[in-house]
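Written out below as structure tokens is the structure these notes cover.
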Amino acid sequence: MRKMLRTIRFDGTDERVFETAAAEDEIAVTGGFAFAGLHPDDVTGKVRQAFANGFLGLGSFGRATFASVAEVTDADRAAAHANLAAHLEDEYGAPNRQAAEAAAEDELTFAESLCADVEINTVFTIRRTRDDAGEIVEEFRTIKAPSGEPMHARIWTLVDDDA
């Protein structure tokens with residue numbers, strides 16, 4: 001088994017903020033390549049939200065605000081690779097299948113590198129901006145999975161009226 005990112009949802013927000021929301025539990029990559037050819041003035045509305053905070057799910061090719069580290073099988077990874085390569089060829093004009101497969105491999109390898117030294121169920125968020133030269137910059141934040149201990153303080157206790 002290998003560790004990769006999978007899309008997650010805490011609520012229905014992604015359905016409202018992205019043009020296409022990723023389904024839950026899709027293998028994901030950062031997907032910044034989708035914005036490489038866009039002029040910054042064209043990155044508005046829901047496209048802006050996808051640019052700023054969206055991981056790319058490799059089933060629906062929709063966006064997700066959150067992704068978590070999960071174990072995936074080699075077959076799952078191979079299917080994600082094939083889906084992404086076909087998408088790069090069909091939607092982004094990769095010159096041939098070989099180039100699309102190489103680009104897909106780069107995207108998946110980068111996503112795997114993010115997961116390498118973190119625990120399963122760690123949640124990732126992404127912040128994507130452009131630097132002064134107009135290059136896309138991606139920053140990642142992680143939220144560790146709970147250890148089993150409550151993550152909050154008890155603020156009241158229920159007492160039986162008969163006591």
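To be explicit about the labels: the chains of the structure tokens are called A, B, and onward in the order shown, and within each one the residues are counted from 1, while ligands get numbers from 1 in the order they are shown.
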Report task. Excluding stretch 99-115 of chain A and residues on its chain fewer than 4 positions from it, collect all residues at most 12 Å away from it, counting only C-alpha atoms, and give them as a PyMOL selection string. Result -> chain A and resi 1-6+27-34+55-58+67-72+76-95+119-126+138-142
Requested in this report: Apply DSSP to the backbone of this structure and, from stretch 25-153 of chain A, keep only the residues in alpha helix (DSSP H); write these as a ChimeraX atom specification.
Outcome: /A:45-53,74-92,97-115
Report task. Take atom CA of A:Ala75 and atom CA of A:Gly62 and report the distance between them in Å, one decimal. Result -> 21.3 Å
Extract, using only C-alpha atoms, all DNA, RNA and protein residues at most 9 Å from stretch 133-135 of chain A, discarding same-chain residues fewer than 4 positions from it, and format them as a short mmCIF file (atom, residue, chain, number, x, y, z; two decimals) with N, CA, C and O atoms, in the first residue's frame.
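Saved to around-v4.cif:
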data_model
loop_
_atom_site.label_atom_id
_atom_site.label_comp_id
_atom_site.auth_asym_id
_atom_site.auth_seq_id
_atom_site.Cartn_x
_atom_site.Cartn_y
_atom_site.Cartn_z
N ALA A 36 -2.27 27.32 -15.16
CA ALA A 36 -1.00 27.82 -15.71
C ALA A 36 -1.20 28.74 -16.91
O ALA A 36 -0.48 29.72 -17.05
N PRO A 40 -4.29 36.23 -14.94
CA PRO A 40 -4.86 36.51 -13.62
C PRO A 40 -6.22 37.21 -13.67
O PRO A 40 -7.06 36.99 -12.80
N THR A 129 -1.31 31.04 -4.78
CA THR A 129 -1.21 32.45 -5.15
C THR A 129 -0.27 32.57 -6.34
O THR A 129 0.29 31.58 -6.81
#
Query raised in the report: How would you write, as a PyMOL selection string, the set of residues in stretch 24-160 of chain A that DSSP gives as strand (DSSP E)?
Result: chain A and resi 27-29+55-57+63-64+66-72+123-130+136-143
Query raised in the report: Could you state the separation of atom CA of A:Phe10 and atom CA of A:Lys144 in Å, given to one decimal place?
Result: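 Distance between the two atoms: 15.2 Å.
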Query raised in the report: In Å, with one decimal, what is the gap from atom CA of A:Arg127 to atom CA of A:Ala52?
Result: 5.5 Å
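Using only C-alpha atoms for every distance, the candidate list A:His39, A:Asp161, A:Ala23, A:Asn53 yields A:Asn53 as the residue closest to A:Val137.
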Closest pair table for stretch 29-81 of chain A residues within 7 Å of stretch 18-21 of chain A, only C-alpha atoms, as a tab-separated table:
residue	atom	partner	partner_atom	distance
A:Lys46	CA	A:Phe18	CA	5.1
A:Gln49	CA	A:Phe18	CA	6.6
A:Ala50	CA	A:Phe18	CA	6.1
A:Gly62	CA	A:Ala21	CA	4.5
A:Arg63	CA	A:Ala21	CA	4.8
A:Ala64	CA	A:Ala21	CA	6.1
Filtering to all heavy atoms, could you give me those residues as a short mmCIF file (atom, residue, chain, number, x, y, z; two decimals), in the first residue's frame?
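Final file, again05.cif:
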data_model
loop_
_atom_site.label_atom_id
_atom_site.label_comp_id
_atom_site.auth_asym_id
_atom_site.auth_seq_id
_atom_site.Cartn_x
_atom_site.Cartn_y
_atom_site.Cartn_z
N LYS A 46 -15.95 31.43 -9.21
CA LYS A 46 -15.70 30.06 -8.79
C LYS A 46 -14.35 29.55 -9.28
O LYS A 46 -13.73 28.70 -8.63
CB LYS A 46 -16.83 29.16 -9.24
CG LYS A 46 -18.12 29.45 -8.48
CD LYS A 46 -19.23 28.50 -8.84
CE LYS A 46 -20.45 28.80 -7.97
NZ LYS A 46 -21.49 27.80 -8.09
N GLN A 49 -11.94 30.67 -6.68
CA GLN A 49 -12.00 29.81 -5.49
C GLN A 49 -11.24 28.52 -5.73
O GLN A 49 -10.49 28.06 -4.87
CB GLN A 49 -13.46 29.52 -5.12
CG GLN A 49 -13.60 28.76 -3.83
CD GLN A 49 -13.14 29.53 -2.62
OE1 GLN A 49 -13.16 30.75 -2.59
NE2 GLN A 49 -12.71 28.83 -1.60
N ALA A 50 -11.39 27.93 -6.91
CA ALA A 50 -10.66 26.71 -7.25
C ALA A 50 -9.15 26.98 -7.28
O ALA A 50 -8.35 26.18 -6.80
CB ALA A 50 -11.14 26.15 -8.59
N GLY A 62 -13.32 17.45 -10.38
CA GLY A 62 -13.84 18.57 -9.63
C GLY A 62 -12.85 18.95 -8.54
O GLY A 62 -11.80 18.30 -8.37
N ARG A 63 -13.17 19.98 -7.81
CA ARG A 63 -12.28 20.51 -6.78
C ARG A 63 -12.80 20.20 -5.38
O ARG A 63 -14.00 20.07 -5.15
CB ARG A 63 -12.14 22.04 -6.93
CG ARG A 63 -11.46 22.45 -8.22
CD ARG A 63 -10.00 22.18 -8.17
NE ARG A 63 -9.36 22.35 -9.48
CZ ARG A 63 -8.06 22.41 -9.64
NH1 ARG A 63 -7.25 22.35 -8.60
NH2 ARG A 63 -7.55 22.53 -10.84
N ALA A 64 -11.86 20.10 -4.45
CA ALA A 64 -12.16 19.87 -3.05
C ALA A 64 -11.30 20.79 -2.20
O ALA A 64 -10.13 20.99 -2.50
CB ALA A 64 -11.89 18.41 -2.67
#
Report task. Give the answer as one residue: which of A:Ile8, A:Glu24, A:Phe51, A:Val43 has the shortest atom-to-atom distance to A:Arg128, using only C-alpha atoms? Result ->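 With only C-alpha atoms as the atom set, the closest residue is A:Phe51.
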Query - Which of A:Gly54, A:Phe66, A:Phe35, A:Phe61 sits closest to A:Thr7 [using only C-alpha atoms] - result: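 Closest residue, counting only C-alpha atoms: A:Phe66.
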Query raised in the report: When distances are computed from only C-alpha atoms, which of A:Val17, A:Arg130, A:Ile143, A:Gly59 shows the smallest separation from A:Leu38?
Result: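 Using only C-alpha atoms, A:Leu38 sits closest to A:Arg130.
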